[in-house]
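**Q** You'll find data_37.cif just under this line, and it carries mmCIF, C-alpha atoms.
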data_upload
loop_
_atom_site.label_atom_id
_atom_site.label_comp_id
_atom_site.auth_asym_id
_atom_site.auth_seq_id
_atom_site.Cartn_x
_atom_site.Cartn_y
_atom_site.Cartn_z
CA MET A 1 51.81 110.10 94.45
CA VAL A 2 55.11 111.96 94.75
CA PRO A 3 58.29 109.91 94.25
CA VAL A 4 60.48 109.66 97.32
CA PHE A 5 63.41 111.50 95.78
CA ASP A 6 61.22 114.59 95.09
CA LYS A 7 60.67 115.08 98.83
CA TYR A 8 64.29 116.10 99.26
CA PRO A 9 66.15 119.04 97.77
CA LYS A 10 67.76 118.35 94.42
CA THR A 11 71.18 119.55 95.60
CA ILE A 12 72.34 117.86 98.73
CA LEU A 13 75.74 119.02 99.80
CA LEU A 14 77.96 117.69 102.50
CA ASN A 15 77.68 121.06 104.27
CA ASP A 16 80.84 122.98 104.95
CA LYS A 17 82.54 119.81 106.20
CA SER A 18 83.28 118.66 102.64
CA ASP A 19 85.82 121.48 102.32
CA GLU A 20 87.39 120.49 105.64
CA VAL A 21 87.64 116.86 104.59
CA ALA A 22 89.28 117.86 101.29
CA GLU A 23 91.75 120.10 103.15
CA ASP A 24 92.60 117.29 105.61
CA ALA A 25 93.11 114.83 102.75
CA ALA A 26 95.37 117.30 100.96
CA LYS A 27 97.29 117.96 104.15
CA TYR A 28 98.02 114.26 104.71
CA GLU A 29 98.16 113.14 101.12
CA ASN A 30 101.40 111.55 100.00
CA GLN A 31 103.53 112.40 102.98
CA SER A 32 106.84 110.56 103.03
CA TYR A 33 107.71 108.17 105.82
CA SER A 34 110.72 106.23 106.98
CA GLN A 35 111.27 102.50 107.41
CA GLY A 36 111.03 103.09 111.16
CA ASP A 37 107.64 104.82 110.79
CA PHE A 38 106.44 101.93 108.65
CA LYS A 39 107.58 99.30 111.18
CA LYS A 40 105.81 101.17 113.97
CA VAL A 41 102.51 101.29 112.04
CA TRP A 42 102.87 97.66 110.87
CA ASN A 43 103.46 96.39 114.40
CA GLY A 44 100.66 98.62 115.69
CA TYR A 45 98.19 96.94 113.34
CA ALA A 46 99.47 93.49 114.32
CA THR A 47 98.92 94.38 117.97
CA GLU A 48 95.43 95.80 117.33
CA ILE A 49 94.21 92.60 115.66
CA LYS A 50 95.86 90.20 118.10
CA ASP A 51 92.58 89.26 119.85
CA LYS A 52 90.44 89.07 116.70
CA ARG A 53 92.97 87.45 114.35
CA PRO A 54 95.80 85.89 116.35
CA ARG A 55 97.27 83.93 113.43
CA LEU A 56 97.42 86.98 111.19
CA SER A 57 98.99 88.96 114.02
CA ALA A 58 101.66 86.29 114.42
CA ILE A 59 102.33 86.23 110.66
CA MET A 60 102.71 90.00 110.60
CA LYS A 61 105.03 90.07 113.59
CA GLU A 62 107.13 87.28 112.06
CA GLN A 63 108.24 89.41 109.15
CA ILE A 64 108.25 93.05 108.14
CA PRO A 65 107.55 93.54 104.41
CA GLU A 66 110.00 95.02 101.94
CA LEU A 67 109.42 98.60 100.83
CA SER A 68 110.24 99.74 97.31
CA GLY A 69 109.40 102.49 94.86
CA ASP A 70 110.07 105.36 97.28
CA ASN A 71 108.34 103.32 100.00
CA LEU A 72 105.06 103.30 98.04
CA ILE A 73 104.99 99.56 97.31
CA VAL A 74 104.79 97.22 100.29
CA ARG A 75 105.75 93.64 99.32
CA PHE A 76 104.82 91.00 101.85
CA ILE A 77 106.41 87.62 101.11
CA ALA A 78 103.94 84.86 101.93
CA ASN A 79 105.03 81.33 102.85
CA SER A 80 102.85 79.66 100.20
CA HIS A 81 100.40 80.35 97.41
CA VAL A 82 97.56 79.40 99.72
CA GLN A 83 98.65 81.93 102.33
CA ARG A 84 99.12 84.60 99.66
CA ASP A 85 95.63 84.02 98.25
CA TRP A 86 94.08 84.07 101.74
CA LEU A 87 95.89 87.30 102.66
CA TYR A 88 94.80 88.98 99.46
CA LYS A 89 91.19 87.88 99.84
CA ASN A 90 90.77 88.55 103.57
CA VAL A 91 93.29 91.22 104.54
CA HIS A 92 94.45 93.27 101.55
CA ASP A 93 91.88 96.08 101.46
CA GLU A 94 91.66 96.58 105.22
CA LEU A 95 95.41 96.57 105.76
CA GLU A 96 96.17 98.78 102.75
CA GLY A 97 93.61 101.31 103.98
CA TYR A 98 95.08 101.21 107.47
CA LEU A 99 98.60 101.82 106.16
CA ARG A 100 97.43 104.68 103.94
CA LYS A 101 95.58 106.33 106.81
CA LYS A 102 98.27 105.95 109.46
CA LEU A 103 101.17 106.87 107.17
CA HIS A 104 99.17 109.68 105.51
CA ASN A 105 99.91 108.51 102.00
CA SER A 106 97.16 107.53 99.57
CA GLU A 107 99.58 106.04 97.02
CA ILE A 108 100.69 103.07 99.15
CA LYS A 109 100.13 99.74 97.38
CA LEU A 110 100.17 96.45 99.28
CA GLU A 111 101.28 93.35 97.37
CA PHE A 112 101.46 89.76 98.55
CA GLU A 113 103.99 87.52 96.82
CA VAL A 114 105.45 84.07 97.22
CA GLU A 115 109.22 83.88 97.17
CA GLY A 116 110.41 82.10 94.03
CA GLU A 117 108.25 80.56 91.33
CA VAL A 118 107.14 77.58 93.37
CA ALA A 119 107.27 78.01 97.10
CA ALA A 120 107.76 74.91 99.20
CA SER A 121 106.95 74.70 102.86
CA SER A 122 109.75 75.19 105.34
CA ASP A 123 109.79 71.48 106.17
CA GLY A 124 109.94 70.46 102.48
CA THR A 125 106.43 68.98 102.31
CA PRO A 126 104.81 69.72 98.94
CA TYR A 127 101.37 71.36 99.23
CA THR A 128 100.38 72.81 95.87
CA SER A 129 99.66 70.61 92.87
CA GLN A 130 102.77 71.92 91.11
CA GLU A 131 104.96 71.13 94.16
CA LYS A 132 103.53 67.60 94.35
CA PHE A 133 104.02 67.04 90.63
CA ASN A 134 107.64 68.23 90.76
CA TYR A 135 108.30 66.00 93.78
CA LEU A 136 106.89 62.97 91.96
CA LEU A 137 108.88 63.81 88.82
CA GLU A 138 112.06 63.56 90.90
CA LYS A 139 111.03 60.11 92.13
CA SER A 140 109.71 58.57 88.94
CA GLU A 141 111.18 58.53 85.45
CA ALA A 142 107.97 56.86 84.22
CA LEU A 143 105.92 59.93 85.24
CA ARG A 144 108.26 62.15 83.23
CA TYR A 145 107.69 59.88 80.21
CA MET A 146 103.89 59.92 80.75
CA ARG A 147 103.93 63.71 80.99
CA GLU A 148 105.65 63.95 77.62
CA VAL A 149 103.50 61.31 75.88
CA PHE A 150 100.10 62.32 77.30
CA GLY A 151 100.77 66.04 77.81
CA LEU A 152 100.09 65.96 81.56
CA LYS A 153 99.78 69.32 83.32
CA THR A 154 99.01 70.51 86.82
CA ASP A 155 96.20 72.87 87.81
#
Would you mind writing the file's structure down as structure tokens?
**A**
Amino acid sequence: MVPVFDKYPKTILLNDKSDEVAEDAAKYENQSYSQGDFKKVWNGYATEIKDKRPRLSAIMKEQIPELSGDNLIVRFIANSHVQRDWLYKNVHDELEGYLRKKLHNSEIKLEFEVEGEVAASSDGTPYTSQEKFNYLLEKSEALRYMREVFGLKTD
């Protein structure tokens, strides 16, 4: 019996198209872009996903990320740690690839951050365990004492 891989030639090339793909990548690689170009691409993505992911589209239209490092680092400020984690898990790779392709720059890095060390919701309601703990510390001197005596920590 002949193994399956012996049925095919040992050297399989991507034909002549591999050279074309490499030339196209070199042609578009690391082109500079302006803030206006970025906004146009960002809003274009938000519009494209409006039917499939309406909440994400609304989040993206709500704020345009900050650009830094010669416009190579895109910092999106999330409203909470939960939102940041969700964006990173569900959106990061797809959106970073989209930005790289549309802006013709393979060095673009997309980062999701929460403003400040502990982000509170806009209405002041604590959501994370650290926010809740800090809120309770403000209300109760006994909790502060218990934290010191028993070494209490949040997740």
**Q** Take the PyMOL selection byres ((chain A and resi 94-102) around 9), apply it to the structure above, and return the hits as a ChimeraX atom specification.
**A** /A:28-30,38,41-42,45,90-93,103-110
**Q** Can you spit out the residues from that selection as a CSV table (one decimal), in the frame of the given file, using C-alpha atoms?
**A**
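Written out: result_24.csv:
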chain,number,residue,atom,x,y,z
A,28,TYR,CA,98.0,114.3,104.7
A,29,GLU,CA,98.2,113.1,101.1
A,30,ASN,CA,101.4,111.6,100.0
A,38,PHE,CA,106.4,101.9,108.6
A,41,VAL,CA,102.5,101.3,112.0
A,42,TRP,CA,102.9,97.7,110.9
A,45,TYR,CA,98.2,96.9,113.3
A,90,ASN,CA,90.8,88.6,103.6
A,91,VAL,CA,93.3,91.2,104.5
A,92,HIS,CA,94.4,93.3,101.6
A,93,ASP,CA,91.9,96.1,101.5
A,103,LEU,CA,101.2,106.9,107.2
A,104,HIS,CA,99.2,109.7,105.5
A,105,ASN,CA,99.9,108.5,102.0
A,106,SER,CA,97.2,107.5,99.6
A,107,GLU,CA,99.6,106.0,97.0
A,108,ILE,CA,100.7,103.1,99.2
A,109,LYS,CA,100.1,99.7,97.4
A,110,LEU,CA,100.2,96.4,99.3
**Q** With distances taken over all atoms listed in the file, which of A:Leu56, A:Lys153, A:Ile64, A:Ala142 is nearest to A:Arg84?
**A** A:Leu56
**Q** Just say which residues the PyMOL selection byres ((chain A and resi 73-75) around 7) picks in this file, as a PyMOL selection string.
**A** chain A and resi 65-69+71-72+76-77+108-113
**Q** Starting from the PyMOL selection byres ((chain A and resi 81) around 9), expand the selection into actual residues of this file and give them as an MDAnalysis selection string.
**A** chainID A and resid 78:80 82:86 113:114 118:119 128
**Q** Please compute the atom CA of A:Thr125-atom CA of A:Ala46 distance, one decimal, in Å.
**A**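 We find that atom CA of A:Thr125 and atom CA of A:Ala46 lie 28.2 Å from each other.
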**Q** What is the distance between atom CA of A:Ser32 and atom CA of A:Asp70, in Å to one decimal?
**A**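 Going from atom CA of A:Ser32 over to atom CA of A:Asp70 covers 8.4 Å.
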**Q** Between atom CA of A:Glu115 and atom CA of A:Glu138, what distance in Å does the model show, to one decimal?
**A**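 Atom CA of A:Glu138 lies at a distance of 21.5 Å from atom CA of A:Glu115.
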**Q** Which residues are close to A:Ala58, i.e. within 10 Å by only C-alpha atoms, leaving aside same-chain residues fewer than 5 positions away? Reply as number ranges by chain.
**A** A: 46-47, 49-50, 53, 63
**Q** Taking all listed atoms of stretch 56-71 of chain A, build the axis-aligned box, pad each of the six sides by 3 Å, then write its centre and edge lengths in Å to one decimal as JSON.
**A**
{"center_x": 103.8, "center_y": 95.8, "center_z": 104.6, "size_x": 18.8, "size_y": 25.1, "size_z": 25.6}
